[in-house]
Amino acid sequence: MNDDDPAAERWYSLFHELGLAPEIRRYEAEYPERSALSLDFALINKVDPDLGLMLCDDAAVQLDAAGRAMTRYFQNPYSVPGPKLAVYNLPRDVRVSTSQIRHIHQNRLVAVEGLVKKATAVQPLMIEARYECPSCGYWTTIPQISPGFHESPGDCPKKPVGCGKSKMVLDRARSTFGDVQKAQLQDLPEGQKGQPTPITVYLDADLAGQLQPGQKVIVNGIVSIALDDSQPRSNIARYVLHAVSIERDAESDDVITEEDEAAIRELANDPDLSARMVASVCPAIYGYEVEKEALALQAFGGVTKVLDDGTRLRGDIHILLIGDPGVAKSLLLRHMAALAPKGIYVSGKASTAAGLTATATKDEWGEGRWTLEAGALVLADGGFSAVDEMDKMSDQDRSSMHEVMESQRVSIAKAGITATLNTRTPILGAANPKLGRFSPEQGIAEQIDMPSTLLSRFDLIFALRDAPNRARDEAIAKHILASHRRGEALAVADSQALAGTSEVRPSIEVSLLRKYIAYSK
């Protein structure tokens, strides 16, 4: 290193200031098996804030300079691709969702929080291609620094005369390879607005193989723009993310501050907390106090237990609502999916077994290879699942939920892919009676058109009947009108009208209750 490399010199000064020399030498002893040195961004920002800004704005250039700075500590020559720096704990102002990535993020270092939708197996990646002339033995190397193969240099360029224009031949045995994995990341369910916008993530070296469908992660990486080679006449490109580091335990969008924690602890000491929670579960729906209490408890869940022999006893509660049309089953399901952190709502009528659980797919995204793709229940791992119209599902699709509900995982064995994905989520299901409505002449159990093998996996089953009752129907009508009046009052900020419709206002603010559930878990 010399004065002609000021960027690397600046990184070297930072490493010296942080006292990282011993750590870099330990890294050298493990290189290249350990491909990168991890460093907290907060440490960079503390010592040299301007360097932190430059790292975020021109990530590739600065990370290359950091790699060159580390070689000054190396005692032995290093090999391709050279030492790398893996930065984590990026500031919140560079955190974006997959749907927020724009062209202004190109070449910038960002933290993308999301769910892994699908992922390929780990595959070999050519880092440096070696070409040799079969006539004279002259050879040269061409770095493969980005996705897409850089072709042969063509004729032998040996100087000064050349050797009869022999074509250079790729020497695979002496080329340099690494590992790569391709994954697809999409927005978290609680942050989705409209159609999900997935982004392709490339993970190399140590990061390859770390992601599998259903994981909730923060990927720190560099945004680039790739043209679609399959459509050479099109000028429309796509965003890709080259991962620098991965943080497994991504936070929820509902960040719990110190003020939130104080409010949560104060709420926990309220002697009427249970009643207030029931009153906060879909207050726009009249009645159903027992059912709402069960749904509130389901959102919190129980405690998973592991026995001496390794047997796992699930702590999540599965609930099924069987009811006549028009008794607000779907509204309850949608409300709970929106209230619970990482909640997902799906309709059984429009879902398949693969869409609910997981499947292996073969498409252009996986470059013709089989890839593992997560379904809705795998994406809801650690969250909440609401499955509407379960009676409209086919028997084959319903049977796929047996393993999901009991052991809380789904096993895939297809096209040479054998994997087990977690589905640790409570399931709130809804269905209609066999004949569309309950008949008073038959028992309720006889009118549920679902196999006993699936019904036995629900811990609570509620039968919601729409029986004629003048007093109750009048109360429901008044409650519906109050809901409409409150909706109009909220639109025009009429405080007097709002005060007269407090019965349809949640006793606990939705945002606070959501954070309370996340905090308790």
# chains A, B, ... in the order shown; residues from 1 in each chain; ligands from 1

call {"tool": "select_by_dssp", "arguments": {"residues": "segment 180-343 of chain A", "states": "strand (DSSP E or B)", "output": "PyMOL selection string"}}
result
chain A and resi 180-186+199-204+216-227+237-247+305-306+312-313+319-323+343

call {"tool": "closest_atom_pairs", "arguments": {"of": "segment 397-499 of chain A", "to": "segment 206-221 of chain A", "cutoff": "10 Å", "atoms": "only C-alpha atoms", "output": "JSON lines"}}
result
{"residue": "A:Ala419", "atom": "CA", "partner": "A:Gln212", "partner_atom": "CA", "distance": 9.5}
{"residue": "A:Thr420", "atom": "CA", "partner": "A:Gln212", "partner_atom": "CA", "distance": 9.9}
{"residue": "A:Leu421", "atom": "CA", "partner": "A:Gly214", "partner_atom": "CA", "distance": 7.4}
{"residue": "A:Asn422", "atom": "CA", "partner": "A:Gly214", "partner_atom": "CA", "distance": 7.5}
{"residue": "A:Thr423", "atom": "CA", "partner": "A:Gly214", "partner_atom": "CA", "distance": 8.3}

call {"tool": "residues_around", "arguments": {"residues": "segment 448-465 of chain A", "least_positions_apart": "3", "cutoff": "10 Å", "atoms": "only C-alpha atoms", "output": "PyMOL selection string"}}
result
chain A and resi 288+290-291+294+316-329+390-393+395+398-406+426-440+443-445+468

call {"tool": "write_last_selection", "arguments": {"atoms": "C-alpha atoms", "output": "mmCIF file, in the first residue's frame"}}
result
data_model
loop_
_atom_site.group_PDB
_atom_site.id
_atom_site.type_symbol
_atom_site.label_atom_id
_atom_site.label_comp_id
_atom_site.auth_asym_id
_atom_site.auth_seq_id
_atom_site.Cartn_x
_atom_site.Cartn_y
_atom_site.Cartn_z
ATOM 1 C CA TYR A 288 -68.881 -13.024 20.454
ATOM 2 C CA VAL A 290 -66.143 -15.913 24.349
ATOM 3 C CA GLU A 291 -64.848 -16.287 20.805
ATOM 4 C CA ALA A 294 -60.160 -17.226 22.572
ATOM 5 C CA ASP A 316 -49.657 -22.482 19.486
ATOM 6 C CA ILE A 317 -53.454 -22.718 19.586
ATOM 7 C CA HIS A 318 -55.485 -23.733 16.525
ATOM 8 C CA ILE A 319 -59.078 -22.433 16.347
ATOM 9 C CA LEU A 320 -61.849 -23.203 13.848
ATOM 10 C CA LEU A 321 -64.947 -21.040 13.326
ATOM 11 C CA ILE A 322 -67.880 -22.890 11.727
ATOM 12 C CA GLY A 323 -70.803 -20.611 11.055
ATOM 13 C CA ASP A 324 -73.727 -19.538 8.932
ATOM 14 C CA PRO A 325 -73.064 -17.047 6.119
ATOM 15 C CA GLY A 326 -73.021 -13.435 7.258
ATOM 16 C CA VAL A 327 -71.886 -13.998 10.862
ATOM 17 C CA ALA A 328 -68.615 -12.047 10.278
ATOM 18 C CA LYS A 329 -66.205 -14.989 10.199
ATOM 19 C CA MET A 390 -61.492 -24.282 4.520
ATOM 20 C CA ASP A 391 -64.563 -26.242 3.467
ATOM 21 C CA LYS A 392 -64.018 -25.097 -0.133
ATOM 22 C CA MET A 393 -60.560 -26.712 -0.288
ATOM 23 C CA ASP A 395 -59.395 -33.120 0.098
ATOM 24 C CA ARG A 398 -56.661 -30.052 3.139
ATOM 25 C CA SER A 399 -54.607 -33.171 3.842
ATOM 26 C CA SER A 400 -51.422 -31.141 3.340
ATOM 27 C CA MET A 401 -52.279 -29.261 6.533
ATOM 28 C CA HIS A 402 -52.161 -32.312 8.801
ATOM 29 C CA GLU A 403 -48.391 -32.225 9.326
ATOM 30 C CA VAL A 404 -48.397 -28.411 9.380
ATOM 31 C CA MET A 405 -50.867 -28.236 12.249
ATOM 32 C CA GLU A 406 -49.587 -31.113 14.376
ATOM 33 C CA PRO A 426 -51.264 -20.752 15.082
ATOM 34 C CA ILE A 427 -53.990 -21.359 12.525
ATOM 35 C CA LEU A 428 -57.350 -19.632 12.668
ATOM 36 C CA GLY A 429 -59.687 -21.365 10.226
ATOM 37 C CA ALA A 430 -63.208 -20.642 9.064
ATOM 38 C CA ALA A 431 -65.754 -22.748 7.203
ATOM 39 C CA ASN A 432 -69.462 -22.989 6.467
ATOM 40 C CA PRO A 433 -71.735 -25.905 7.496
ATOM 41 C CA LYS A 434 -72.245 -28.800 5.114
ATOM 42 C CA LEU A 435 -75.578 -27.480 3.786
ATOM 43 C CA GLY A 436 -74.578 -23.811 3.819
ATOM 44 C CA ARG A 437 -76.457 -23.087 7.061
ATOM 45 C CA PHE A 438 -76.907 -24.945 10.317
ATOM 46 C CA SER A 439 -80.089 -27.005 10.550
ATOM 47 C CA PRO A 440 -81.796 -27.152 13.954
ATOM 48 C CA GLY A 443 -76.480 -32.099 15.601
ATOM 49 C CA ILE A 444 -73.722 -29.573 14.910
ATOM 50 C CA ALA A 445 -70.998 -32.235 14.569
ATOM 51 C CA PRO A 468 -83.527 -15.247 14.734
#

call {"tool": "closest_residue", "arguments": {"among": "A:Ala296, A:Ala121, A:Ala337, A:Ile222", "to": "Thr371 of chain A", "atoms": "only C-alpha atoms"}}
result
A:Ala121

call {"tool": "closest_residue", "arguments": {"among": "A:Tyr73, A:Tyr131, A:Tyr202, A:Phe300", "to": "Tyr12 of chain A", "atoms": "only C-alpha atoms"}}
result
A:Tyr73

call {"tool": "closest_residue", "arguments": {"among": "A:Ala7, A:Val387, A:Met70, A:Val240", "to": "Ser330 of chain A", "atoms": "only C-alpha atoms"}}
result
A:Val387

call {"tool": "residues_around", "arguments": {"residues": "Asp179 of chain A", "least_positions_apart": "4", "cutoff": "7 Å", "atoms": "only C-alpha atoms", "output": "PDB file with all heavy atoms, in the first residue's frame"}}
result
ATOM      1  N   VAL A 122     -26.918 -24.489  -3.094  1.00  0.00           N
ATOM      2  CA  VAL A 122     -25.611 -23.869  -3.287  1.00  0.00           C
ATOM      3  C   VAL A 122     -24.988 -24.423  -4.571  1.00  0.00           C
ATOM      4  O   VAL A 122     -24.957 -25.631  -4.788  1.00  0.00           O
ATOM      5  CB  VAL A 122     -24.693 -24.130  -2.078  1.00  0.00           C
ATOM      6  CG1 VAL A 122     -23.307 -23.553  -2.322  1.00  0.00           C
ATOM      7  CG2 VAL A 122     -25.301 -23.548  -0.820  1.00  0.00           C
ATOM      8  N   GLN A 123     -24.475 -23.531  -5.409  1.00  0.00           N
ATOM      9  CA  GLN A 123     -23.918 -23.923  -6.703  1.00  0.00           C
ATOM     10  C   GLN A 123     -22.515 -23.339  -6.861  1.00  0.00           C
ATOM     11  O   GLN A 123     -22.184 -22.321  -6.230  1.00  0.00           O
ATOM     12  CB  GLN A 123     -24.822 -23.405  -7.826  1.00  0.00           C
ATOM     13  CG  GLN A 123     -26.241 -23.944  -7.767  1.00  0.00           C
ATOM     14  CD  GLN A 123     -27.188 -23.163  -8.647  1.00  0.00           C
ATOM     15  OE1 GLN A 123     -26.773 -22.263  -9.368  1.00  0.00           O
ATOM     16  NE2 GLN A 123     -28.461 -23.509  -8.588  1.00  0.00           N
ATOM     17  N   PRO A 124     -21.669 -23.958  -7.683  1.00  0.00           N
ATOM     18  CA  PRO A 124     -20.328 -23.403  -7.910  1.00  0.00           C
ATOM     19  C   PRO A 124     -20.399 -22.126  -8.741  1.00  0.00           C
ATOM     20  O   PRO A 124     -21.194 -22.027  -9.679  1.00  0.00           O
ATOM     21  CB  PRO A 124     -19.599 -24.522  -8.656  1.00  0.00           C
ATOM     22  CG  PRO A 124     -20.686 -25.315  -9.293  1.00  0.00           C
ATOM     23  CD  PRO A 124     -21.872 -25.231  -8.388  1.00  0.00           C
ATOM     24  N   LEU A 125     -19.563 -21.172  -8.397  1.00  0.00           N
ATOM     25  CA  LEU A 125     -19.498 -19.894  -9.099  1.00  0.00           C
ATOM     26  C   LEU A 125     -18.074 -19.658  -9.574  1.00  0.00           C
ATOM     27  O   LEU A 125     -17.130 -19.720  -8.781  1.00  0.00           O
ATOM     28  CB  LEU A 125     -19.925 -18.750  -8.170  1.00  0.00           C
ATOM     29  CG  LEU A 125     -19.712 -17.329  -8.700  1.00  0.00           C
ATOM     30  CD1 LEU A 125     -20.700 -17.045  -9.837  1.00  0.00           C
ATOM     31  CD2 LEU A 125     -19.880 -16.301  -7.589  1.00  0.00           C
ATOM     32  N   ASP A 204     -22.692 -15.231  -1.772  1.00  0.00           N
ATOM     33  CA  ASP A 204     -21.529 -16.021  -2.148  1.00  0.00           C
ATOM     34  C   ASP A 204     -20.693 -16.375  -0.922  1.00  0.00           C
ATOM     35  O   ASP A 204     -20.942 -15.910   0.181  1.00  0.00           O
ATOM     36  CB  ASP A 204     -20.672 -15.289  -3.183  1.00  0.00           C
ATOM     37  CG  ASP A 204     -20.150 -13.949  -2.667  1.00  0.00           C
ATOM     38  OD1 ASP A 204     -20.337 -13.648  -1.476  1.00  0.00           O
ATOM     39  OD2 ASP A 204     -19.560 -13.197  -3.454  1.00  0.00           O
ATOM     40  N   ALA A 205     -19.706 -17.236  -1.150  1.00  0.00           N
ATOM     41  CA  ALA A 205     -18.752 -17.653  -0.102  1.00  0.00           C
ATOM     42  C   ALA A 205     -19.489 -18.166   1.135  1.00  0.00           C
ATOM     43  O   ALA A 205     -20.362 -19.020   1.030  1.00  0.00           O
ATOM     44  CB  ALA A 205     -17.815 -16.501   0.231  1.00  0.00           C
ATOM     45  N   ALA A 208     -23.432 -18.313   1.251  1.00  0.00           N
ATOM     46  CA  ALA A 208     -24.168 -19.273   0.442  1.00  0.00           C
ATOM     47  C   ALA A 208     -24.670 -20.424   1.303  1.00  0.00           C
ATOM     48  O   ALA A 208     -23.924 -20.996   2.092  1.00  0.00           O
ATOM     49  CB  ALA A 208     -23.276 -19.810  -0.679  1.00  0.00           C
TER      50      ALA A 208
END

call {"tool": "select_by_dssp", "arguments": {"residues": "segment 141-360 of chain A", "states": "alpha helix (DSSP H)", "output": "number ranges by chain"}}
result
A: 258-268, 273-280, 289-300, 329-339, 353-356

call {"tool": "closest_residue", "arguments": {"among": "A:Lys158, A:Lys182, A:Arg248, A:His105", "to": "Asp58 of chain A", "atoms": "only C-alpha atoms"}}
result
A:His105

call {"tool": "residues_around", "arguments": {"residues": "Lys117 of chain A", "least_positions_apart": "4", "cutoff": "7 Å", "atoms": "only C-alpha atoms", "output": "compact mmCIF listing (two decimals) with C-alpha atoms, in the first residue's frame"}}
result
# COMPACT_ATOMS: atom_id res chain seq x y z
CA GLN A 184 -35.78 -14.30 -3.51
CA LEU A 185 -36.76 -11.81 -0.81
CA GLN A 186 -40.15 -10.15 -0.44
CA PRO A 213 -37.69 -20.30 2.47
CA GLY A 214 -39.73 -18.89 5.34
CA GLU A 373 -40.44 -22.12 -2.74
CA ALA A 374 -42.28 -21.35 0.50

call {"tool": "closest_residue", "arguments": {"among": "A:Gly315, A:Gly487, A:Gly375, A:Pro83", "to": "Gln408 of chain A", "atoms": "only C-alpha atoms"}}
result
A:Gly315

call {"tool": "closest_atom_pairs", "arguments": {"of": "segment 108-187 of chain A", "to": "segment 351-360 of chain A", "cutoff": "10 Å", "atoms": "only C-alpha atoms", "output": "CSV"}}
result
residue,atom,partner,partner_atom,distance
A:Lys117,CA,A:Ala358,CA,9.8
A:Lys118,CA,A:Ala360,CA,9.1
A:Ala119,CA,A:Ala360,CA,9.9
A:Thr120,CA,A:Ala360,CA,9.8

call {"tool": "write_last_selection", "arguments": {"atoms": "all heavy atoms", "output": "PDB file, in the first residue's frame"}}
result
ATOM      1  N   LYS A 117     -38.709 -15.949   0.110  1.00  0.00           N
ATOM      2  CA  LYS A 117     -39.785 -16.621  -0.605  1.00  0.00           C
ATOM      3  C   LYS A 117     -39.318 -17.943  -1.186  1.00  0.00           C
ATOM      4  O   LYS A 117     -40.002 -18.962  -1.067  1.00  0.00           O
ATOM      5  CB  LYS A 117     -40.310 -15.700  -1.716  1.00  0.00           C
ATOM      6  CG  LYS A 117     -41.347 -16.311  -2.630  1.00  0.00           C
ATOM      7  CD  LYS A 117     -42.633 -16.645  -1.889  1.00  0.00           C
ATOM      8  CE  LYS A 117     -43.702 -17.144  -2.855  1.00  0.00           C
ATOM      9  NZ  LYS A 117     -44.929 -17.564  -2.155  1.00  0.00           N
ATOM     10  N   LYS A 118     -38.166 -17.938  -1.852  1.00  0.00           N
ATOM     11  CA  LYS A 118     -37.608 -19.182  -2.381  1.00  0.00           C
ATOM     12  C   LYS A 118     -36.096 -19.056  -2.487  1.00  0.00           C
ATOM     13  O   LYS A 118     -35.539 -17.954  -2.453  1.00  0.00           O
ATOM     14  CB  LYS A 118     -38.230 -19.550  -3.728  1.00  0.00           C
ATOM     15  CG  LYS A 118     -38.131 -18.507  -4.816  1.00  0.00           C
ATOM     16  CD  LYS A 118     -38.878 -19.012  -6.052  1.00  0.00           C
ATOM     17  CE  LYS A 118     -38.868 -17.991  -7.188  1.00  0.00           C
ATOM     18  NZ  LYS A 118     -39.595 -18.474  -8.384  1.00  0.00           N
ATOM     19  N   ALA A 119     -35.441 -20.198  -2.608  1.00  0.00           N
ATOM     20  CA  ALA A 119     -33.975 -20.218  -2.632  1.00  0.00           C
ATOM     21  C   ALA A 119     -33.502 -21.436  -3.404  1.00  0.00           C
ATOM     22  O   ALA A 119     -34.140 -22.496  -3.391  1.00  0.00           O
ATOM     23  CB  ALA A 119     -33.416 -20.235  -1.215  1.00  0.00           C
ATOM     24  N   THR A 120     -32.371 -21.278  -4.073  1.00  0.00           N
ATOM     25  CA  THR A 120     -31.761 -22.386  -4.789  1.00  0.00           C
ATOM     26  C   THR A 120     -30.804 -23.134  -3.867  1.00  0.00           C
ATOM     27  O   THR A 120     -30.503 -22.692  -2.759  1.00  0.00           O
ATOM     28  CB  THR A 120     -30.961 -21.882  -6.003  1.00  0.00           C
ATOM     29  OG1 THR A 120     -29.851 -21.093  -5.530  1.00  0.00           O
ATOM     30  CG2 THR A 120     -31.818 -21.045  -6.919  1.00  0.00           C
TER      31      THR A 120
END

call {"tool": "residues_around", "arguments": {"residues": "Leu267 of chain A", "least_positions_apart": "4", "cutoff": "10 Å", "atoms": "only C-alpha atoms", "output": "list in words"}}
result
Glu261, Ala262, Ala263, Pro271, Asp272, Leu273, Arg276, Ile508, Leu512, Leu513 and Tyr516 of chain A

call {"tool": "closest_residue", "arguments": {"among": "A:Ala69, A:Ala386, A:Ala59, A:Val306", "to": "Val244 of chain A", "atoms": "only C-alpha atoms"}}
result
A:Ala59
